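Take a look at the structure set out below.
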Amino acid sequence: MNRYWSSVVHTLTPYVPGEQPKRTDLIKLNTNENPYPPSPRALQAMAAEAAESLRLYPDPNAGRLKQAIADFHGVTASQVFVGNGSDEVLAHGFQALLKHERPLLFPDISYSFYPVYCGLYGIDFTPVPLREDFTIDPADYRIANGGIIFPNPNAPTGRLLSIEAIREILDGNPDSVVVVDEAYIDFGGASAIPLVNHYPNLLVIQTLSKSRSLAGLRVGFAVGDAGLIEALERVKNSFNSYPLDRFALSGAVAALQDRDYFAATCQWVIATREHLAVRLAELGFEVLPSAANFVFVRHPGHDAGELASRLRERAIIVRHFRQPRIEQFLRITVGTDEQSDKLCAALTEILG
Ligand SMILES: *Cc1c(COP(=O)(O)O)cnc(C)c1O
């Protein structure tokens with residue numbers, strides 16, 4: 001409490017990101033970072049930006065990056081919006097497109113930043129319970145609403161929703177904006193981006209943080225009808241003209257152009273995930289089917305919080321959410337095969 005604060009500040013409950021420890025000897029499986037380095041071409045492009053031109057502002061419209069995203073996804077640059085991480089793109093989406101009279105809908109188990117944005121922008125929301133198996137039922141989204149948002153695959157469950165199910169939600173809600181947050185789509189799902197030409201109310205958001213190993217660069221983007229993109233641009237240009245710096249713009253373009261490296265690293269993560277899922281099941285864990293770069297697991301005989309602290313003692317950190325319905329689950333990021341081996345060895349010891 002502080003008498004100098006604006007009144008809204010007193011009401012905020014900020015998002016708490018996963019721990020970024022100072023120790024570098026930890027096996028860090030808690031924030032879904034990619035275990036592989038960024039594309040060498042991206043690193044090269046960024047190194048070249050450390051030059052005299054840094055005295056100049058970057059392109060406020062991010063024209064080259066928008067075109068690179070448009071080329072990759074087969075849309076036009078007017079259908080692309082870019083921001084400082086997809087968290088910023090999401091924030092602008094909440095303010096520009098999801099704040100209406102009726103409540104916003106999102107799954108009860110979902111990205112925990114969504115209720116935080118609702119608090120910041122004064123958006124009323126209704127959580128929609130996932131099915132018992134943690135899947136989204138499109139029929140649950142037929143109620144009156146001022147907008148819909150969900151991650152696909154969902155976080156932190158990893159469960160994937162089919163394109164047919166997404167179409168069902170879109171068809172049932174022609175008067176609402178439907179935002180699909182595809183932070184993990186490159187690890188095994190089909191993107192909804194091809195639908196944007198058919199649904200003027202669909203906004204798809206992606207990030208370079210996970211599948212392109214660039215969490216430290218902070219680049220996210222949205223693809224949708226030009227009308228939706230214009231709303232995002234209006235908010236962005238009322239907030240920060242230059243959210244992406246010269247390093248981010250160059251590095252992101254090069255990363256998007258390096259398609260072979262991208263495809264290879266995604267395949268490595270997927271292969272490691274499938275192997276890890278089998279081994280965790282052998283250790284007695286229930287493993288939800290995952291289309292992401294993490295697995296969501298629980299052990300019938302061991303408390304999740306306890307397992308997380310025992311792993312930490314062994315220098316391995318995973319994510320545990322103290323939240324109804326999932327307090328007995330652990331979310332474990334898929335690392336390298338070597339990290340998987342160490343994780344499984346530690347769990348074998350802990351489980352006795
Ligand atoms: C990681 C994540 C984001 C944010 O990604 P940034 O681009 O790094 O801000 C958004 N949505 C979900 C569901 C995520 O897991």
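Each chain of the structure tokens is named A, B, ... in the order shown, its residues numbered from 1; ligands are numbered from 1 in display order.
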
Show me, as JSON lines, the residues of chain A having an atom within 6 Å of ligand 1, each with the closest atom pair and its distance in Å, using only C-alpha atoms and all ligand atoms.
```
{"residue": "A:Gly85", "atom": "CA", "partner": "ligand 1", "partner_atom_place_in_ligand_line": "7 (O)", "distance": 3.6}
{"residue": "A:Ser86", "atom": "CA", "partner": "ligand 1", "partner_atom_place_in_ligand_line": "7 (O)", "distance": 3.5}
{"residue": "A:Asp87", "atom": "CA", "partner": "ligand 1", "partner_atom_place_in_ligand_line": "9 (O)", "distance": 3.8}
{"residue": "A:Tyr111", "atom": "CA", "partner": "ligand 1", "partner_atom_place_in_ligand_line": "13 (C)", "distance": 5.1}
{"residue": "A:Pro151", "atom": "CA", "partner": "ligand 1", "partner_atom_place_in_ligand_line": "13 (C)", "distance": 5.2}
{"residue": "A:Ala155", "atom": "CA", "partner": "ligand 1", "partner_atom_place_in_ligand_line": "13 (C)", "distance": 5.3}
{"residue": "A:Asp181", "atom": "CA", "partner": "ligand 1", "partner_atom_place_in_ligand_line": "11 (N)", "distance": 5.8}
{"residue": "A:Ala183", "atom": "CA", "partner": "ligand 1", "partner_atom_place_in_ligand_line": "12 (C)", "distance": 5.0}
{"residue": "A:Thr207", "atom": "CA", "partner": "ligand 1", "partner_atom_place_in_ligand_line": "7 (O)", "distance": 4.4}
{"residue": "A:Ser209", "atom": "CA", "partner": "ligand 1", "partner_atom_place_in_ligand_line": "8 (O)", "distance": 4.8}
{"residue": "A:Ala215", "atom": "CA", "partner": "ligand 1", "partner_atom_place_in_ligand_line": "8 (O)", "distance": 5.3}
{"residue": "A:Arg218", "atom": "CA", "partner": "ligand 1", "partner_atom_place_in_ligand_line": "8 (O)", "distance": 5.9}
{"residue": "A:Val219", "atom": "CA", "partner": "ligand 1", "partner_atom_place_in_ligand_line": "7 (O)", "distance": 5.8}
{"residue": "A:Gly220", "atom": "CA", "partner": "ligand 1", "partner_atom_place_in_ligand_line": "7 (O)", "distance": 4.8}
```

Go ahead and write the selection's residues with N, CA, C and O atoms as a PDB file, in the first residue's frame.
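Below is the file part_1.pdb, written as the result:
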```pdb
ATOM      1  N   GLY A  85       7.548 -10.077 -27.601  1.00  0.00           N
ATOM      2  CA  GLY A  85       7.078 -11.324 -26.998  1.00  0.00           C
ATOM      3  C   GLY A  85       5.587 -11.472 -27.232  1.00  0.00           C
ATOM      4  O   GLY A  85       4.873 -10.479 -27.427  1.00  0.00           O
ATOM      5  N   SER A  86       5.110 -12.726 -27.251  1.00  0.00           N
ATOM      6  CA  SER A  86       3.663 -12.868 -27.471  1.00  0.00           C
ATOM      7  C   SER A  86       2.883 -12.396 -26.249  1.00  0.00           C
ATOM      8  O   SER A  86       1.702 -12.081 -26.351  1.00  0.00           O
ATOM      9  N   ASP A  87       3.530 -12.300 -25.098  1.00  0.00           N
ATOM     10  CA  ASP A  87       2.827 -11.727 -23.944  1.00  0.00           C
ATOM     11  C   ASP A  87       2.354 -10.300 -24.245  1.00  0.00           C
ATOM     12  O   ASP A  87       1.248  -9.918 -23.894  1.00  0.00           O
ATOM     13  N   TYR A 111      -3.404 -20.734 -19.492  1.00  0.00           N
ATOM     14  CA  TYR A 111      -2.262 -19.838 -19.258  1.00  0.00           C
ATOM     15  C   TYR A 111      -2.646 -18.831 -18.174  1.00  0.00           C
ATOM     16  O   TYR A 111      -3.611 -18.077 -18.336  1.00  0.00           O
ATOM     17  N   PRO A 151      -5.086 -21.430 -25.264  1.00  0.00           N
ATOM     18  CA  PRO A 151      -3.842 -21.853 -25.897  1.00  0.00           C
ATOM     19  C   PRO A 151      -4.093 -23.181 -26.631  1.00  0.00           C
ATOM     20  O   PRO A 151      -4.862 -24.014 -26.161  1.00  0.00           O
ATOM     21  N   ALA A 155      -1.846 -24.910 -22.307  1.00  0.00           N
ATOM     22  CA  ALA A 155      -0.811 -24.851 -21.280  1.00  0.00           C
ATOM     23  C   ALA A 155      -1.524 -24.715 -19.933  1.00  0.00           C
ATOM     24  O   ALA A 155      -2.461 -23.923 -19.844  1.00  0.00           O
ATOM     25  N   ASP A 181      -3.946 -19.087 -28.948  1.00  0.00           N
ATOM     26  CA  ASP A 181      -2.578 -18.790 -28.507  1.00  0.00           C
ATOM     27  C   ASP A 181      -1.720 -20.022 -28.802  1.00  0.00           C
ATOM     28  O   ASP A 181      -1.710 -20.991 -28.052  1.00  0.00           O
ATOM     29  N   ALA A 183       1.508 -20.839 -28.768  1.00  0.00           N
ATOM     30  CA  ALA A 183       2.911 -20.785 -28.307  1.00  0.00           C
ATOM     31  C   ALA A 183       3.657 -22.099 -28.567  1.00  0.00           C
ATOM     32  O   ALA A 183       4.872 -22.096 -28.747  1.00  0.00           O
ATOM     33  N   THR A 207       4.804 -17.315 -31.025  1.00  0.00           N
ATOM     34  CA  THR A 207       5.992 -16.725 -30.421  1.00  0.00           C
ATOM     35  C   THR A 207       7.254 -17.382 -30.970  1.00  0.00           C
ATOM     36  O   THR A 207       7.215 -18.538 -31.388  1.00  0.00           O
ATOM     37  N   SER A 209       9.709 -17.689 -28.924  1.00  0.00           N
ATOM     38  CA  SER A 209      10.367 -18.047 -27.661  1.00  0.00           C
ATOM     39  C   SER A 209      10.602 -19.534 -27.493  1.00  0.00           C
ATOM     40  O   SER A 209      11.601 -19.945 -26.913  1.00  0.00           O
ATOM     41  N   ALA A 215      13.650 -17.196 -26.593  1.00  0.00           N
ATOM     42  CA  ALA A 215      12.918 -16.608 -25.464  1.00  0.00           C
ATOM     43  C   ALA A 215      13.577 -15.307 -24.990  1.00  0.00           C
ATOM     44  O   ALA A 215      12.893 -14.375 -24.559  1.00  0.00           O
ATOM     45  N   ARG A 218      12.582 -11.878 -27.185  1.00  0.00           N
ATOM     46  CA  ARG A 218      11.249 -11.295 -27.000  1.00  0.00           C
ATOM     47  C   ARG A 218      10.597 -10.918 -28.333  1.00  0.00           C
ATOM     48  O   ARG A 218      10.499  -9.740 -28.696  1.00  0.00           O
ATOM     49  N   VAL A 219      10.176 -11.913 -29.098  1.00  0.00           N
ATOM     50  CA  VAL A 219       9.444 -11.660 -30.339  1.00  0.00           C
ATOM     51  C   VAL A 219       8.212 -12.564 -30.404  1.00  0.00           C
ATOM     52  O   VAL A 219       8.330 -13.785 -30.291  1.00  0.00           O
ATOM     53  N   GLY A 220       7.062 -11.945 -30.572  1.00  0.00           N
ATOM     54  CA  GLY A 220       5.818 -12.684 -30.773  1.00  0.00           C
ATOM     55  C   GLY A 220       5.047 -12.027 -31.891  1.00  0.00           C
ATOM     56  O   GLY A 220       5.353 -10.900 -32.299  1.00  0.00           O
TER      57      GLY A 220
END
```

Item to check | Spatial neighbours of Leu130 in chain A, max dist 7 Å, only C-alpha atoms, sep filter under 4 positions, as a list in words | outcome: Pro107, Asp108, Ile109, Phe134, Thr135, Ile136 and Asp137 of chain A

Next on the checklist: Just want the 10 Å neighbourhood of Phe72 in chain A, counted on only C-alpha atoms, with same-chain residues fewer than 6 positions away dropped. Output as number ranges by chain.
Outcome noted: A: 66, 256-257, 259

Next on the checklist: Given only C-alpha atoms as the basis, pick out the residue of A:Val8, A:Met1, A:Ala139, A:Ala192 nearest to Glu168 in chain A.
Outcome noted: A:Ala139

Item to check | Picked from range 27-271 of chain A by DSSP as strand (DSSP E or B), as an MDAnalysis selection string | outcome: chainID A and resid 27:28 80:83 104:107 125:128 147:151 178:181 202:207 220:224

If you keep N, CA, C and O atoms, can you produce a file of those selected residues as a short mmCIF file (atom, residue, chain, number, x, y, z; two decimals), in the first residue's frame?
```cif
data_model
loop_
_atom_site.label_atom_id
_atom_site.label_comp_id
_atom_site.auth_asym_id
_atom_site.auth_seq_id
_atom_site.Cartn_x
_atom_site.Cartn_y
_atom_site.Cartn_z
N ILE A 27 19.56 -28.34 -13.96
CA ILE A 27 18.85 -28.80 -15.15
C ILE A 27 17.50 -28.11 -15.11
O ILE A 27 16.66 -28.37 -14.26
N LYS A 28 17.32 -27.17 -16.03
CA LYS A 28 16.21 -26.23 -15.94
C LYS A 28 15.06 -26.69 -16.83
O LYS A 28 15.05 -26.43 -18.03
N VAL A 80 -0.54 -9.37 -40.42
CA VAL A 80 0.45 -9.72 -39.39
C VAL A 80 0.68 -8.54 -38.44
O VAL A 80 0.82 -7.39 -38.88
N PHE A 81 0.73 -8.86 -37.16
CA PHE A 81 1.11 -7.88 -36.12
C PHE A 81 2.26 -8.47 -35.33
O PHE A 81 2.29 -9.67 -35.07
N VAL A 82 3.25 -7.64 -34.96
CA VAL A 82 4.38 -8.16 -34.17
C VAL A 82 4.53 -7.38 -32.87
O VAL A 82 4.15 -6.21 -32.78
N GLY A 83 5.06 -8.06 -31.85
CA GLY A 83 5.24 -7.41 -30.56
C GLY A 83 6.42 -7.96 -29.79
O GLY A 83 7.06 -8.93 -30.21
N LEU A 104 -15.40 -12.50 -21.04
CA LEU A 104 -14.46 -13.27 -21.85
C LEU A 104 -14.44 -14.71 -21.31
O LEU A 104 -14.50 -14.93 -20.11
N LEU A 105 -14.36 -15.68 -22.24
CA LEU A 105 -14.30 -17.09 -21.84
C LEU A 105 -12.90 -17.64 -22.08
O LEU A 105 -12.30 -17.40 -23.13
N PHE A 106 -12.39 -18.38 -21.10
CA PHE A 106 -11.19 -19.20 -21.33
C PHE A 106 -11.22 -20.39 -20.38
O PHE A 106 -11.94 -20.38 -19.38
N PRO A 107 -10.46 -21.46 -20.70
CA PRO A 107 -10.52 -22.68 -19.88
C PRO A 107 -10.09 -22.42 -18.44
O PRO A 107 -9.25 -21.55 -18.19
N PHE A 125 -14.49 -11.93 -16.80
CA PHE A 125 -14.26 -13.23 -17.45
C PHE A 125 -14.96 -14.36 -16.73
O PHE A 125 -15.25 -14.27 -15.54
N THR A 126 -15.24 -15.42 -17.49
CA THR A 126 -15.84 -16.63 -16.93
C THR A 126 -14.95 -17.82 -17.29
O THR A 126 -14.79 -18.12 -18.48
N PRO A 127 -14.35 -18.49 -16.30
CA PRO A 127 -13.56 -19.69 -16.62
C PRO A 127 -14.49 -20.83 -17.04
O PRO A 127 -15.54 -21.02 -16.45
N VAL A 128 -14.11 -21.55 -18.09
CA VAL A 128 -14.92 -22.67 -18.58
C VAL A 128 -14.19 -23.97 -18.23
O VAL A 128 -13.07 -24.19 -18.73
N GLY A 147 -15.90 -12.64 -26.00
CA GLY A 147 -14.64 -13.07 -26.62
C GLY A 147 -14.24 -14.41 -26.05
O GLY A 147 -14.75 -14.84 -25.00
N ILE A 148 -13.34 -15.09 -26.76
CA ILE A 148 -12.86 -16.42 -26.34
C ILE A 148 -11.35 -16.46 -26.57
O ILE A 148 -10.86 -15.99 -27.59
N ILE A 149 -10.64 -17.03 -25.61
CA ILE A 149 -9.19 -17.25 -25.81
C ILE A 149 -8.79 -18.57 -25.18
O ILE A 149 -9.28 -18.93 -24.11
N PHE A 150 -7.94 -19.31 -25.88
CA PHE A 150 -7.35 -20.54 -25.30
C PHE A 150 -6.02 -20.81 -25.99
O PHE A 150 -5.83 -20.45 -27.15
N PRO A 151 -5.09 -21.43 -25.26
CA PRO A 151 -3.84 -21.85 -25.90
C PRO A 151 -4.09 -23.18 -26.63
O PRO A 151 -4.86 -24.01 -26.16
N VAL A 178 -12.19 -14.76 -31.49
CA VAL A 178 -11.64 -16.01 -30.92
C VAL A 178 -10.12 -15.95 -31.10
O VAL A 178 -9.63 -15.86 -32.23
N VAL A 179 -9.38 -15.95 -29.98
CA VAL A 179 -7.92 -15.90 -30.03
C VAL A 179 -7.37 -17.29 -29.72
O VAL A 179 -7.70 -17.89 -28.70
N VAL A 180 -6.55 -17.81 -30.64
CA VAL A 180 -5.87 -19.09 -30.40
C VAL A 180 -4.40 -18.78 -30.15
O VAL A 180 -3.71 -18.25 -31.02
N ASP A 181 -3.95 -19.09 -28.95
CA ASP A 181 -2.58 -18.79 -28.51
C ASP A 181 -1.72 -20.02 -28.80
O ASP A 181 -1.71 -20.99 -28.05
N LEU A 202 -11.06 -14.46 -36.25
CA LEU A 202 -10.01 -15.34 -35.70
C LEU A 202 -8.66 -14.62 -35.62
O LEU A 202 -8.18 -14.07 -36.63
N LEU A 203 -8.05 -14.64 -34.44
CA LEU A 203 -6.70 -14.12 -34.28
C LEU A 203 -5.82 -15.25 -33.74
O LEU A 203 -6.13 -15.85 -32.71
N VAL A 204 -4.73 -15.55 -34.46
CA VAL A 204 -3.80 -16.60 -34.04
C VAL A 204 -2.51 -15.94 -33.58
O VAL A 204 -1.95 -15.10 -34.29
N ILE A 205 -2.05 -16.31 -32.38
CA ILE A 205 -0.84 -15.70 -31.83
C ILE A 205 0.25 -16.76 -31.68
O ILE A 205 -0.01 -17.86 -31.21
N GLN A 206 1.44 -16.43 -32.13
CA GLN A 206 2.59 -17.32 -31.98
C GLN A 206 3.78 -16.56 -31.40
O GLN A 206 3.76 -15.34 -31.31
N THR A 207 4.80 -17.31 -31.03
CA THR A 207 5.99 -16.73 -30.42
C THR A 207 7.25 -17.38 -30.97
O THR A 207 7.21 -18.54 -31.39
N GLY A 220 7.06 -11.95 -30.57
CA GLY A 220 5.82 -12.68 -30.77
C GLY A 220 5.05 -12.03 -31.89
O GLY A 220 5.35 -10.90 -32.30
N PHE A 221 4.04 -12.74 -32.43
CA PHE A 221 3.25 -12.13 -33.51
C PHE A 221 1.83 -12.67 -33.53
O PHE A 221 1.54 -13.70 -32.92
N ALA A 222 0.97 -11.93 -34.21
CA ALA A 222 -0.41 -12.36 -34.40
C ALA A 222 -0.71 -12.36 -35.88
O ALA A 222 -0.18 -11.53 -36.64
N VAL A 223 -1.55 -13.30 -36.31
CA VAL A 223 -2.02 -13.36 -37.69
C VAL A 223 -3.54 -13.37 -37.66
O VAL A 223 -4.15 -14.15 -36.90
N GLY A 224 -4.14 -12.51 -38.46
CA GLY A 224 -5.60 -12.46 -38.49
C GLY A 224 -6.07 -11.52 -39.59
O GLY A 224 -5.26 -10.95 -40.33
#
```

Item to check | Within 12 Å of range 246-253 of chain A using only C-alpha atoms, minus same-chain residues under 5 positions, as an MDAnalysis selection string | outcome: chainID A and resid 38:72 82:85 207:209 212:221 258:259

Checklist entry - Which residues come within 10 Å of Tyr15 in chain A, counting only C-alpha atoms, excluding same-chain residues fewer than 5 positions away, as a ChimeraX atom specification? => result /A:112-117

Item to check | Distance in Å - CA of Arg322 in chain A versus CA of Pro129 in chain A | outcome: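 Separation between CA of Arg322 in chain A and CA of Pro129 in chain A: 17.0 Å.
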
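Closest to Ser110 in chain A among A:Asn237, A:Thr157, A:Asn145, A:Gln339 is A:Thr157, based on only C-alpha atoms.
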
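The shortest atom-to-atom distance to Gly188 in chain A, with only C-alpha atoms taken into account, belongs to A:Ser162 out of A:Ser162, A:Thr13, A:Gln95, A:Thr31.
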
Checklist entry - In range 164-324 of chain A, what's alpha helix (DSSP H) per DSSP? Answer as a VMD selection string? => result chain A and resid 164 to 172 226 to 236 246 to 257 259 to 282 304 to 313

Item to check | Polymer residues at most 12 Å from Trp268 in chain A, only C-alpha atoms, same-chain spacing of 3 or more positions, as a PyMOL selection string | outcome: chain A and resi 34-36+186-188+211+261-265+271-275+293+334-337

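With only C-alpha atoms as the atoms that count, the minimum distance from Pro153 in chain A to the choices A:Ile270, A:Ala190, A:Leu330, A:Ala304 is reached by A:Ala190.
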